[in-house]
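Shown below: query_29.cif, with mmCIF, C-alpha atoms.
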data_input
#
loop_
_atom_site.group_PDB
_atom_site.id
_atom_site.type_symbol
_atom_site.label_atom_id
_atom_site.label_comp_id
_atom_site.auth_asym_id
_atom_site.auth_seq_id
_atom_site.Cartn_x
_atom_site.Cartn_y
_atom_site.Cartn_z
ATOM 1 C CA MET E 1 31.374 59.539 219.555
ATOM 2 C CA THR E 2 28.855 58.330 217.019
ATOM 3 C CA GLY E 3 28.677 55.122 215.059
ATOM 4 C CA VAL E 4 27.625 51.513 215.458
ATOM 5 C CA LEU E 5 30.459 50.451 217.745
ATOM 6 C CA ALA E 6 29.905 53.464 219.976
ATOM 7 C CA LYS E 7 26.359 52.201 220.623
ATOM 8 C CA ALA E 8 27.366 48.590 221.325
ATOM 9 C CA ASN E 9 27.726 47.476 224.926
ATOM 10 C CA PRO E 10 31.254 46.712 226.197
ATOM 11 C CA LEU E 11 30.589 42.995 226.567
ATOM 12 C CA VAL E 12 30.059 42.707 222.811
ATOM 13 C CA LEU E 13 33.323 44.579 222.210
ATOM 14 C CA VAL E 14 35.180 42.118 224.427
ATOM 15 C CA VAL E 15 33.610 39.221 222.525
ATOM 16 C CA LEU E 16 34.869 40.772 219.266
ATOM 17 C CA GLY E 17 38.403 40.489 220.580
ATOM 18 C CA LEU E 18 37.837 36.846 221.543
ATOM 19 C CA LEU E 19 36.376 36.090 218.110
ATOM 20 C CA ALA E 20 39.543 37.527 216.564
ATOM 21 C CA LEU E 21 41.462 34.867 218.486
ATOM 22 C CA VAL E 22 39.262 32.204 216.890
ATOM 23 C CA ALA E 23 39.841 33.780 213.476
ATOM 24 C CA SER E 24 43.618 33.813 213.897
ATOM 25 C CA LEU E 25 43.607 30.071 214.565
ATOM 26 C CA GLY E 26 42.114 29.540 211.108
ATOM 27 C CA VAL E 27 44.872 31.451 209.291
ATOM 28 C CA ARG E 28 47.052 28.691 207.830
ATOM 29 C CA SER E 29 48.057 29.962 204.401
ATOM 30 C CA LEU E 30 49.129 33.231 202.834
ATOM 31 C CA THR E 31 45.918 33.562 200.815
ATOM 32 C CA THR E 32 43.778 33.117 203.899
ATOM 33 C CA ALA E 33 45.948 35.541 205.865
ATOM 34 C CA VAL E 34 45.633 38.265 203.222
ATOM 35 C CA VAL E 35 41.859 37.879 202.860
ATOM 36 C CA ALA E 36 41.240 37.784 206.629
ATOM 37 C CA ALA E 37 43.508 40.763 207.324
ATOM 38 C CA CYS E 38 41.841 42.796 204.562
ATOM 39 C CA ALA E 39 38.381 41.874 205.872
ATOM 40 C CA TYR E 40 39.212 43.029 209.394
ATOM 41 C CA LEU E 41 40.954 46.162 208.147
ATOM 42 C CA LEU E 42 37.952 47.075 206.000
ATOM 43 C CA ALA E 43 35.600 46.488 208.928
ATOM 44 C CA VAL E 44 37.707 48.722 211.180
ATOM 45 C CA LEU E 45 37.824 51.515 208.589
ATOM 46 C CA VAL E 46 34.056 51.398 207.999
ATOM 47 C CA VAL E 47 32.665 50.795 211.489
ATOM 48 C CA LEU E 48 35.172 52.353 213.898
ATOM 49 C CA PRO E 49 34.014 55.803 215.095
ATOM 50 C CA ALA E 50 36.148 58.833 214.379
ATOM 51 C CA ARG E 51 38.286 60.078 217.284
ATOM 52 C CA SER E 52 37.807 56.811 219.114
ATOM 53 C CA GLY E 53 41.336 56.876 220.504
ATOM 54 C CA PRO E 54 44.947 57.673 219.676
ATOM 55 C CA PRO E 55 45.844 56.419 216.173
ATOM 56 C CA LEU E 56 49.308 55.570 217.459
ATOM 57 C CA ARG E 57 47.898 52.440 219.112
ATOM 58 C CA PHE E 58 47.678 50.776 215.703
ATOM 59 C CA ALA E 59 51.452 51.029 215.432
ATOM 60 C CA THR E 60 51.657 48.245 218.027
ATOM 61 C CA VAL E 61 49.750 45.946 215.654
ATOM 62 C CA VAL E 62 52.119 46.749 212.792
ATOM 63 C CA LEU E 63 55.171 46.364 215.006
ATOM 64 C CA GLY E 64 53.927 43.036 216.369
ATOM 65 C CA GLY E 65 53.189 41.690 212.899
ATOM 66 C CA LEU E 66 56.544 42.797 211.495
ATOM 67 C CA SER E 67 58.509 41.412 214.436
ATOM 68 C CA VAL E 68 56.794 38.007 214.216
ATOM 69 C CA ALA E 69 57.231 37.930 210.428
ATOM 70 C CA TYR E 70 60.922 38.775 210.709
ATOM 71 C CA SER E 71 61.602 36.214 213.433
ATOM 72 C CA THR E 72 59.703 33.558 211.459
ATOM 73 C CA TRP E 73 61.686 34.383 208.322
ATOM 74 C CA LEU E 74 64.961 34.376 210.236
ATOM 75 C CA LEU E 75 64.357 31.089 212.056
ATOM 76 C CA GLY E 76 62.167 29.369 209.472
ATOM 77 C CA GLY E 77 64.634 28.961 206.635
ATOM 78 C CA GLY E 78 63.969 32.249 204.859
ATOM 79 C CA GLN E 79 60.511 31.308 203.530
ATOM 80 C CA LEU E 80 58.732 34.587 202.780
ATOM 81 C CA ASP E 81 55.248 33.115 202.458
ATOM 82 C CA VAL E 82 55.466 31.444 205.865
ATOM 83 C CA ALA E 83 56.821 34.640 207.434
ATOM 84 C CA ALA E 84 54.108 36.798 205.854
ATOM 85 C CA THR E 85 51.419 34.365 207.007
ATOM 86 C CA ALA E 86 52.703 34.477 210.583
ATOM 87 C CA GLY E 87 52.837 38.275 210.566
ATOM 88 C CA LEU E 88 49.331 38.673 209.136
ATOM 89 C CA ARG E 89 48.029 36.155 211.671
ATOM 90 C CA ILE E 90 49.164 38.535 214.419
ATOM 91 C CA VAL E 91 47.393 41.401 212.629
ATOM 92 C CA VAL E 92 44.147 39.404 212.524
ATOM 93 C CA LEU E 93 44.556 38.546 216.200
ATOM 94 C CA ALA E 94 45.414 42.006 217.547
ATOM 95 C CA LEU E 95 43.677 44.506 215.249
ATOM 96 C CA PRO E 96 40.082 44.148 216.533
ATOM 97 C CA GLY E 97 41.062 44.298 220.196
ATOM 98 C CA VAL E 98 43.307 47.319 219.716
ATOM 99 C CA ALA E 99 40.597 49.068 217.694
ATOM 100 C CA VAL E 100 37.758 48.655 220.210
ATOM 101 C CA ALA E 101 39.759 48.913 223.457
ATOM 102 C CA PRO E 102 39.244 52.702 223.872
ATOM 103 C CA LEU E 103 35.473 52.215 223.488
ATOM 104 C CA ILE E 104 35.153 49.954 226.535
ATOM 105 C CA GLU E 105 33.841 51.760 229.619
ATOM 106 C CA PRO E 106 34.732 49.985 232.893
ATOM 107 C CA MET E 107 31.450 50.653 234.686
ATOM 108 C CA ALA E 108 29.285 49.661 231.715
ATOM 109 C CA LEU E 109 31.347 46.493 231.324
ATOM 110 C CA ALA E 110 30.880 45.736 235.017
ATOM 111 C CA ASP E 111 27.104 46.090 234.641
ATOM 112 C CA GLN E 112 27.131 43.608 231.768
ATOM 113 C CA LEU E 113 29.355 41.130 233.616
ATOM 114 C CA GLY E 114 27.269 41.282 236.767
ATOM 115 C CA GLN E 115 23.784 41.343 235.276
ATOM 116 C CA ARG E 116 24.222 39.542 231.959
ATOM 117 C CA LEU E 117 26.792 36.864 232.880
ATOM 118 C CA ARG E 118 25.860 36.682 236.580
ATOM 119 C CA LEU E 119 29.461 36.848 237.744
ATOM 120 C CA PRO E 120 30.168 37.375 241.481
ATOM 121 C CA HIS E 121 29.637 40.996 242.446
ATOM 122 C CA ARG E 122 32.909 41.265 244.375
ATOM 123 C CA PHE E 123 34.906 40.189 241.331
ATOM 124 C CA VAL E 124 32.927 42.469 239.020
ATOM 125 C CA VAL E 125 33.308 45.616 241.131
ATOM 126 C CA SER E 126 36.978 44.905 241.857
ATOM 127 C CA PHE E 127 37.610 44.383 238.148
ATOM 128 C CA ALA E 128 35.883 47.665 237.257
ATOM 129 C CA ALA E 129 37.821 49.551 239.935
ATOM 130 C CA ALA E 130 41.098 48.109 238.655
ATOM 131 C CA LEU E 131 40.286 49.200 235.096
ATOM 132 C CA GLN E 132 39.482 52.704 236.270
ATOM 133 C CA ARG E 133 42.749 52.893 238.209
ATOM 134 C CA PHE E 134 44.635 51.690 235.160
ATOM 135 C CA GLU E 135 43.106 54.441 233.026
ATOM 136 C CA GLN E 136 44.140 57.034 235.616
ATOM 137 C CA LEU E 137 47.802 55.964 235.760
ATOM 138 C CA GLY E 138 48.832 58.397 233.045
ATOM 139 C CA GLN E 139 47.089 61.322 234.748
ATOM 140 C CA THR E 140 48.593 60.383 238.115
ATOM 141 C CA TRP E 141 52.050 60.234 236.536
ATOM 142 C CA GLN E 142 51.642 63.768 235.167
ATOM 143 C CA HIS E 143 50.487 65.080 238.560
ATOM 144 C CA LEU E 144 53.439 63.513 240.363
ATOM 145 C CA SER E 145 55.893 64.787 237.773
ATOM 146 C CA ARG E 146 54.509 68.324 238.008
ATOM 147 C CA ALA E 147 54.643 68.175 241.805
ATOM 148 C CA ARG E 148 58.327 67.238 241.707
ATOM 149 C CA ARG E 149 59.065 69.998 239.220
ATOM 150 C CA SER E 150 57.297 72.588 241.378
ATOM 151 C CA ARG E 151 59.486 71.527 244.330
ATOM 152 C CA GLY E 152 62.675 71.904 242.296
ATOM 153 C CA PHE E 153 63.275 68.189 241.722
ATOM 154 C CA GLY E 154 62.623 68.152 238.004
ATOM 155 C CA PRO E 155 64.856 66.244 235.585
ATOM 156 C CA GLY E 156 67.867 67.792 233.930
ATOM 157 C CA ARG E 157 68.904 67.480 230.325
ATOM 158 C CA GLY E 158 71.162 64.490 230.804
ATOM 159 C CA PRO E 159 69.984 60.880 230.472
ATOM 160 C CA VAL E 160 71.113 60.017 234.022
ATOM 161 C CA SER E 161 69.016 62.804 235.516
ATOM 162 C CA ARG E 162 65.993 61.812 233.462
ATOM 163 C CA ALA E 163 66.405 58.179 234.520
ATOM 164 C CA ARG E 164 66.538 59.191 238.202
ATOM 165 C CA HIS E 165 63.449 61.347 237.756
ATOM 166 C CA ALA E 166 61.571 58.490 236.082
ATOM 167 C CA ALA E 167 62.576 56.094 238.869
ATOM 168 C CA SER E 168 61.407 58.532 241.560
ATOM 169 C CA VAL E 169 58.074 59.155 239.858
ATOM 170 C CA THR E 170 57.603 55.408 239.338
ATOM 171 C CA PHE E 171 58.136 54.728 243.029
ATOM 172 C CA ALA E 172 55.738 57.524 243.980
ATOM 173 C CA LEU E 173 53.202 56.140 241.512
ATOM 174 C CA LEU E 174 53.501 52.696 243.107
ATOM 175 C CA VAL E 175 52.946 54.110 246.596
ATOM 176 C CA THR E 176 49.976 56.192 245.432
ATOM 177 C CA THR E 177 48.408 53.199 243.677
ATOM 178 C CA MET E 178 48.748 51.029 246.784
ATOM 179 C CA ARG E 179 47.138 53.733 248.940
ATOM 180 C CA GLU E 180 44.238 54.101 246.499
ATOM 181 C CA ALA E 181 43.782 50.320 246.402
ATOM 182 C CA THR E 182 43.641 50.225 250.194
ATOM 183 C CA SER E 183 41.059 53.010 250.258
ATOM 184 C CA ALA E 184 38.961 51.225 247.634
ATOM 185 C CA SER E 185 39.136 47.975 249.589
ATOM 186 C CA ILE E 186 37.986 49.675 252.794
ATOM 187 C CA ALA E 187 35.159 51.413 250.917
ATOM 188 C CA MET E 188 33.987 48.104 249.440
ATOM 189 C CA ASP E 189 33.977 46.409 252.833
ATOM 190 C CA ALA E 190 32.038 49.347 254.301
ATOM 191 C CA ARG E 191 29.379 48.882 251.621
ATOM 192 C CA GLY E 192 28.864 45.230 252.403
ATOM 193 C CA PHE E 193 30.829 43.588 249.613
ATOM 194 C CA ALA E 194 32.517 41.225 252.065
ATOM 195 C CA ARG E 195 29.368 39.525 253.394
ATOM 196 C CA ALA E 196 26.459 40.449 251.119
ATOM 197 C CA HIS E 197 24.977 37.545 249.162
ATOM 198 C CA ARG E 198 22.507 39.490 247.021
ATOM 199 C CA ARG E 199 23.092 42.878 245.456
ATOM 200 C CA THR E 200 21.162 45.331 243.330
ATOM 201 C CA TRP E 201 22.642 47.348 240.454
ATOM 202 C CA ALA E 202 22.189 51.068 239.971
ATOM 203 C CA GLU E 203 22.257 51.005 236.148
ATOM 204 C CA PRO E 204 20.531 48.546 233.788
ATOM 205 C CA ALA E 205 22.447 46.380 231.324
ATOM 206 C CA PRO E 206 20.239 46.245 228.211
ATOM 207 C CA TRP E 207 20.855 44.155 225.106
ATOM 208 C CA THR E 208 19.839 45.961 221.912
ATOM 209 C CA ARG E 209 19.548 45.103 218.247
ATOM 210 C CA VAL E 210 22.817 46.913 217.630
ATOM 211 C CA ASP E 211 24.553 44.481 219.987
ATOM 212 C CA THR E 212 23.114 41.521 218.100
ATOM 213 C CA ALA E 213 24.127 43.005 214.748
ATOM 214 C CA VAL E 214 27.684 43.774 215.866
ATOM 215 C CA LEU E 215 28.047 40.307 217.356
ATOM 216 C CA GLY E 216 26.803 38.762 214.114
ATOM 217 C CA VAL E 217 29.300 40.743 212.054
ATOM 218 C CA GLY E 218 32.078 39.679 214.412
ATOM 219 C CA ALA E 219 31.082 36.041 214.002
ATOM 220 C CA LEU E 220 31.068 36.405 210.207
ATOM 221 C CA LEU E 221 34.533 37.964 210.252
ATOM 222 C CA ALA E 222 35.793 35.148 212.477
ATOM 223 C CA ALA E 223 34.446 32.621 209.956
ATOM 224 C CA VAL E 224 36.225 34.229 206.985
ATOM 225 C CA PRO E 225 39.552 32.339 207.410
ATOM 226 C CA TYR E 226 37.803 28.973 207.691
ATOM 227 C CA VAL E 227 35.657 29.647 204.616
ATOM 228 C CA VAL E 228 38.693 30.702 202.583
ATOM 229 C CA GLU E 229 40.632 27.619 203.725
ATOM 230 C CA ALA E 230 37.739 25.397 202.656
ATOM 231 C CA LEU E 231 37.551 27.095 199.239
ATOM 232 C CA VAL E 232 41.304 26.810 198.697
ATOM 233 C CA ALA E 233 41.321 23.147 199.716
ATOM 234 C CA SER E 234 38.503 22.347 197.324
#

Go ahead and render the structure in this file as structure tokens.
Amino acid sequence: MTGVLAKANPLVLVVLGLLALVASLGVRSLTTAVVAACAYLLAVLVVLPARSGPPLRFATVVLGGLSVAYSTWLLGGGQLDVAATAGLRIVVLALPGVAVAPLIEPMALADQLGQRLRLPHRFVVSFAAALQRFEQLGQTWQHLSRARRSRGFGPGRGPVSRARHAASVTFALLVTTMREATSASIAMDARGFARAHRRTWAEPAPWTRVDTAVLGVGALLAAVPYVVEALVAS
């Protein structure tokens, strides 16, 4: 992947998601909601690298915004402006995180957390290992499903058979995940993570001008709702 966000370190991408939370707290009117949502959408369209992840992930943002807007309209007396504001607030909150999530590499994030923020090395490595395992869940599911099919235990065409197959694969996935977690724990203890007080890192965690620029843009986007609210109030 190419682009500005592809060159930014994962810690900056995580901060972008946190800044979106700050921005969503400033959305208090429909005008502010529309301007903030358009600003974030424009930033995503311009800066996000091509083929950065499945486009279907953005459907969760739309679904979340619509569901909150509908529930607010249903329970809030049928006020469309209040419902639209609530829905767009969810878009402002979730869009940046959903957009940059596929760009975050677990090991690079661990390097930044350990070297830049000075977090405990046991927590950092465990967190990175958990993220890697989470990314491999889909691949493990496919392997287990293919193994059952090759043994003649594949699902039939009926919904009951498919439900039984999904339950069996889920249980096998749980067992496999627990075994892998045990192996990772033993490997960490063997490498001195249980008693070591000082640790070196194999890869550096640099901070570049691109990181500063991306962080500055994220801060400006987070300030948009507050600026619009101030202009509307005046």

For this session: Would you mind telling me which residue in E:Leu221, E:Gln132, E:Ala205, E:Leu144 lies nearest to Glu180 of chain E when using all atoms listed in the file?
Result: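 Between E:Leu221, E:Gln132, E:Ala205, E:Leu144, the residue approaching Glu180 of chain E most closely is E:Gln132.
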
Problem set entry | atom CA of Ala20 of chain E to atom CA of Cys38 of chain E, distance in Å rounded to a single decimal | 13.3 Å

For this session: Quick one: apply the PyMOL selection byres ((chain E and resi 127) around 12) to the file and drop the selected residues here as a PyMOL selection string.
Result: chain E and resi 105-111+113-114+119-126+128-134+181+184

Exercise. What lies within 9 Å of Val62 of chain E using all atoms listed in the file, ignoring chain neighbours under 5 positions off, as a PyMOL selection string?
Worked result: chain E and resi 67+87+90-91

Exercise. Quick one: of E:Ala202, E:Val227, E:Ala69, E:Ala222, who's nearest to Leu19 of chain E, counting all atoms listed in the file?
Worked result: E:Ala222

For this session: Report as a count of residues only the residues that result from applying the PyMOL selection byres ((chain E and resi 6) around 9) to the structure here.
Result: 12
